[in-house]
Every structure is written in structure tokens, then in C-alpha cells.
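Below: the structure, in C-alpha cells.
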Amino acid sequence: GSDKLYDAAFKQAGIIRAYSVEEMFDWARVFATQPIPRGEKTIIITNGGGVGVLATDTAEENNVPLIDPSPELKNELRKTMPWFGSPKNPVDLTGQAVVDNYVKALEIAYGSPEVDNIVVLYCRTAILDPRDLAKAIVEIYREHRDSGKPLVTAFVGGLDTFEAIKILNREGIPAYPSPERAVKSLAKLIEYKRYRDKKTR
């Protein structure tokens with residue numbers, strides 16, 4: 001039959017359609033571990049401008065609204081980075097970021113009413129071992145698990161970043177090897193939220 005017919009029927013029924021096995025497993029991971037978002041306002045925290053741009057582009061392509069932080073939130077985020085970092089969205093902690101920078105930025109994101117969803121990106125640097133960062137994210141996630149704010153992550157780099165990804169996934173934090181896959185997975189959670197909201201009106 002017509003593929004367009006199936007596509008329309010799936011959307012009407014709230015079925016999330018994956019077009020590859022990779023997408024199916026990526027999206028299953030986020031649905032199995034994260035809450036359906038309460039809202040759509042999303043923040044990206046990164047240590048690399050390049051991966052931040054990739055995530056931003058993917059968010060725009062997949063209808064994931066990125067917040068424009070208020071002056072108050074920007075002031076708080078500035079405290080987590082060097083003077084040349086950016087408190088805008090994506091929040092660029094810069095390549096000088098260590099575990100403490102990420103921890104402080106994540107705590108602010110979890111505590112802010114401006115933020116509904118969190119994306120954490122890491123690009124391999126010589127000064128921050130991804131496994132140390134993964135363990136720190138796990139600790140924060142355990143404290144804020146009941147916040148209702150979905151968290152997805154992407155770690156880009158070599159073998160040790162894959163080890164970090166394994167640490168996160170074992171703890172129920174969706175972790176991917178590219179920012180695009182992380183943002184697309186979050187996009188499907190938001191898409192399903194919209195479907196549910198529409199059905200309850």
C-alpha cells in the first residue's frame with residue numbers, strides 16, 4: 001500500500017516511526033529511561049563549539065525548541081565557565097572545561113524553571129577524561145532523577161568516550177556517539193508529548 005497512508009495512520013495513532021534499526025534502538029533507549037517531558041524548552045551544555053552547532057542544527061531540523069536564557073540564567077551560567085565561554089544556548093563551557101564546570105552547569109539547568117529538557121555534549125579534550133565526567137553526570141542524575149526533566153548525552157571521541165557512554169547507559173542515562181543522535185532521540189520524546197497533549201484536549 002501507499003507509504004504516505006501508513007505514515008498518516010501512524011501519526012494519528014501516536015506511533016513513533018523509525019526508518020533504521022539504529023533509530024529504533026536510539027529512540028527505544030530514551031523512551032525506556034526518561035520521562036515524557038513536561039515542556040519543550042531545551043538547553044544544550046557543551047565543551048565544543050562544533051558539536052554544539054551540530055546539535056543546534058539538528059534541534060532546528062527536528063522541531064526541538066531551544067531556550068533563549070534570561071539575563072538571570074545567563075549570569076548564573078557565566079559562573080560555570082571561563083570569561084570567553086558563552087552562556088547562550090548552546091552553553092559553551094569551552095575546551096578548558098573540567099568536571100566541576102559541567103557539574104555546576106547541570107545543577108543550574110536542573111534547578112531552573114526555564115529548562116524542561118537537558119542535552120549534555122562532550123568532545124574529547126586532553127584535560128577532561130570522559131569516564132570521570134560520565135561518573136559525575138551519574139551522581140547528579142541520581143539526585144535529580146525525579147525532576148521530570150529528560151537528560152540525553154553525546155560523547156564524541158575515541159575508545160575512552162565509548163567506555164563513558166557505556167557507564168551512562170548502564171545507569172539509565174541515554175548516551176550516544178554523536179550529538180545528532182542524542183537530539184533526535186529527545187525530539188521523539190517531545191513529539192510524543194505533543195501527541196499526548198493533543199489527545200487530552
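Labeling convention for the C-alpha cells: chains A, B, ... as they appear, residues from 1 per chain, ligands from 1 in order of appearance.
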* **Contacts of Phe25 in chain A at 12 Å (only C-alpha atoms; same-chain gap of 3+ positions) as a PyMOL selection string** => chain A and resi 17-22+28-32+174-176+181-182+185
* Within 12 Å of Lys74 in chain A, counting only C-alpha atoms, which residues qualify if same-chain residues fewer than 2 places away don't, as an NGL selection string? -> :A and (43 or 67-72 or 76-81 or 85-92 or 105 or 108-109 or 112 or 114)
* DSSP says helix (DSSP H, G or I) for which residues of chain A? Put them as a count of residues only? -> 110
* Asked: Which of these residues is nearest to Glu40 in chain A, using only C-alpha atoms: A:Arg142, A:Lys4, A:Arg194, A:Arg131?
  -> A:Arg194
* Asked: Counting only C-alpha atoms, what is within 7 Å of Lys41 in chain A, bar same-chain residues fewer than 4 positions away, as number ranges by chain?
  -> A: 65-67, 115-117
Which polymer residues have any atom within 8 Å of an atom of range 151-159 of chain A, counting only C-alpha atoms, with same-chain residues fewer than 2 positions away left out, as an mmCIF file with N, CA and C atoms, in the first residue's frame?
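As written to disk, around02.cif reads:
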data_model
loop_
_atom_site.group_PDB
_atom_site.id
_atom_site.type_symbol
_atom_site.label_atom_id
_atom_site.label_comp_id
_atom_site.auth_asym_id
_atom_site.auth_seq_id
_atom_site.Cartn_x
_atom_site.Cartn_y
_atom_site.Cartn_z
ATOM 1 N N VAL A 30 15.753 6.069 24.893
ATOM 2 C CA VAL A 30 15.304 7.284 25.581
ATOM 3 C C VAL A 30 13.904 7.101 26.156
ATOM 4 N N GLN A 34 13.744 7.723 30.193
ATOM 5 C CA GLN A 34 13.473 9.124 30.526
ATOM 6 C C GLN A 34 11.975 9.406 30.594
ATOM 7 N N ASN A 117 14.191 20.351 29.307
ATOM 8 C CA ASN A 117 14.974 19.212 28.791
ATOM 9 C C ASN A 117 16.440 19.607 28.707
ATOM 10 N N ILE A 118 17.322 18.625 28.958
ATOM 11 C CA ILE A 118 18.759 18.906 29.011
ATOM 12 C C ILE A 118 19.513 17.992 28.054
ATOM 13 N N VAL A 119 20.394 18.598 27.263
ATOM 14 C CA VAL A 119 21.302 17.855 26.387
ATOM 15 C C VAL A 119 22.724 18.179 26.823
ATOM 16 N N VAL A 120 23.504 17.159 27.165
ATOM 17 C CA VAL A 120 24.899 17.362 27.551
ATOM 18 C C VAL A 120 25.797 16.761 26.478
ATOM 19 N N LEU A 121 26.714 17.580 25.965
ATOM 20 C CA LEU A 121 27.646 17.140 24.925
ATOM 21 C C LEU A 121 29.075 17.214 25.445
ATOM 22 N N TYR A 122 29.874 16.243 25.036
ATOM 23 C CA TYR A 122 31.300 16.233 25.391
ATOM 24 C C TYR A 122 32.105 15.890 24.156
ATOM 25 N N CYS A 123 33.123 16.703 23.896
ATOM 26 C CA CYS A 123 34.067 16.430 22.814
ATOM 27 C C CYS A 123 35.427 16.197 23.457
ATOM 28 N N ARG A 124 36.122 15.151 23.072
ATOM 29 C CA ARG A 124 37.350 14.723 23.750
ATOM 30 C C ARG A 124 38.378 15.833 23.841
ATOM 31 N N PRO A 130 36.703 11.484 29.772
ATOM 32 C CA PRO A 130 35.252 11.313 29.627
ATOM 33 C C PRO A 130 34.640 10.383 30.659
ATOM 34 N N LYS A 149 12.719 16.159 34.248
ATOM 35 C CA LYS A 149 13.441 16.730 33.115
ATOM 36 C C LYS A 149 14.262 15.641 32.413
ATOM 37 N N THR A 161 35.817 7.422 25.223
ATOM 38 C CA THR A 161 34.475 8.023 25.187
ATOM 39 C C THR A 161 33.404 6.942 25.067
ATOM 40 N N PHE A 162 33.702 5.859 24.362
ATOM 41 C CA PHE A 162 32.750 4.750 24.282
ATOM 42 C C PHE A 162 32.603 4.079 25.641
ATOM 43 N N GLU A 163 33.687 4.036 26.405
ATOM 44 C CA GLU A 163 33.599 3.497 27.761
ATOM 45 C C GLU A 163 32.710 4.390 28.624
ATOM 46 N N ALA A 164 32.823 5.716 28.434
ATOM 47 C CA ALA A 164 31.974 6.655 29.165
ATOM 48 C C ALA A 164 30.511 6.475 28.776
ATOM 49 N N ILE A 165 30.268 6.282 27.494
ATOM 50 C CA ILE A 165 28.901 6.047 27.005
ATOM 51 C C ILE A 165 28.301 4.813 27.679
ATOM 52 N N ILE A 173 20.991 6.611 31.639
ATOM 53 C CA ILE A 173 21.135 7.927 31.020
ATOM 54 C C ILE A 173 21.441 7.707 29.547
ATOM 55 N N PRO A 174 20.535 8.054 28.641
ATOM 56 C CA PRO A 174 20.792 7.807 27.216
ATOM 57 C C PRO A 174 22.042 8.534 26.746
ATOM 58 N N ALA A 175 22.971 7.770 26.197
ATOM 59 C CA ALA A 175 24.242 8.324 25.737
ATOM 60 C C ALA A 175 24.524 7.824 24.328
ATOM 61 N N TYR A 176 24.972 8.729 23.484
ATOM 62 C CA TYR A 176 25.161 8.432 22.063
ATOM 63 C C TYR A 176 26.530 8.937 21.599
ATOM 64 N N PRO A 177 27.030 8.394 20.495
ATOM 65 C CA PRO A 177 28.347 8.814 19.997
ATOM 66 C C PRO A 177 28.302 10.032 19.083
ATOM 67 N N SER A 178 27.139 10.648 18.937
ATOM 68 C CA SER A 178 27.050 11.862 18.118
ATOM 69 C C SER A 178 25.954 12.764 18.656
ATOM 70 N N PRO A 179 26.122 14.093 18.541
ATOM 71 C CA PRO A 179 25.078 14.996 19.022
ATOM 72 C C PRO A 179 23.777 14.856 18.249
ATOM 73 N N ARG A 181 22.344 12.149 17.063
ATOM 74 C CA ARG A 181 21.537 11.035 17.567
ATOM 75 C C ARG A 181 20.902 11.372 18.916
ATOM 76 N N ALA A 182 21.626 12.091 19.756
ATOM 77 C CA ALA A 182 21.073 12.480 21.055
ATOM 78 C C ALA A 182 19.883 13.415 20.882
ATOM 79 N N VAL A 183 20.039 14.429 20.046
ATOM 80 C CA VAL A 183 18.970 15.424 19.870
ATOM 81 C C VAL A 183 17.759 14.801 19.174
ATOM 82 N N LEU A 186 15.756 12.911 21.742
ATOM 83 C CA LEU A 186 14.957 13.834 22.549
ATOM 84 C C LEU A 186 13.774 14.356 21.746
#
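Minimum atom-to-atom distances from A:Gln12, A:Tyr192, A:Gly52, A:Lys135 to Lys166 in chain A were compared using only C-alpha atoms, and the lowest value belongs to A:Lys135.
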* Would you list, as a ChimeraX atom specification, the residues of range 36-78 of chain A that end up in strand (DSSP E) under DSSP run on this structure's backbone? => /A:42-46
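Among A:Glu107, A:Asp146, A:Glu139, A:Asp7, the residue with the shortest atom-to-atom distance to Leu168 in chain A, counting only C-alpha atoms, is A:Glu139.
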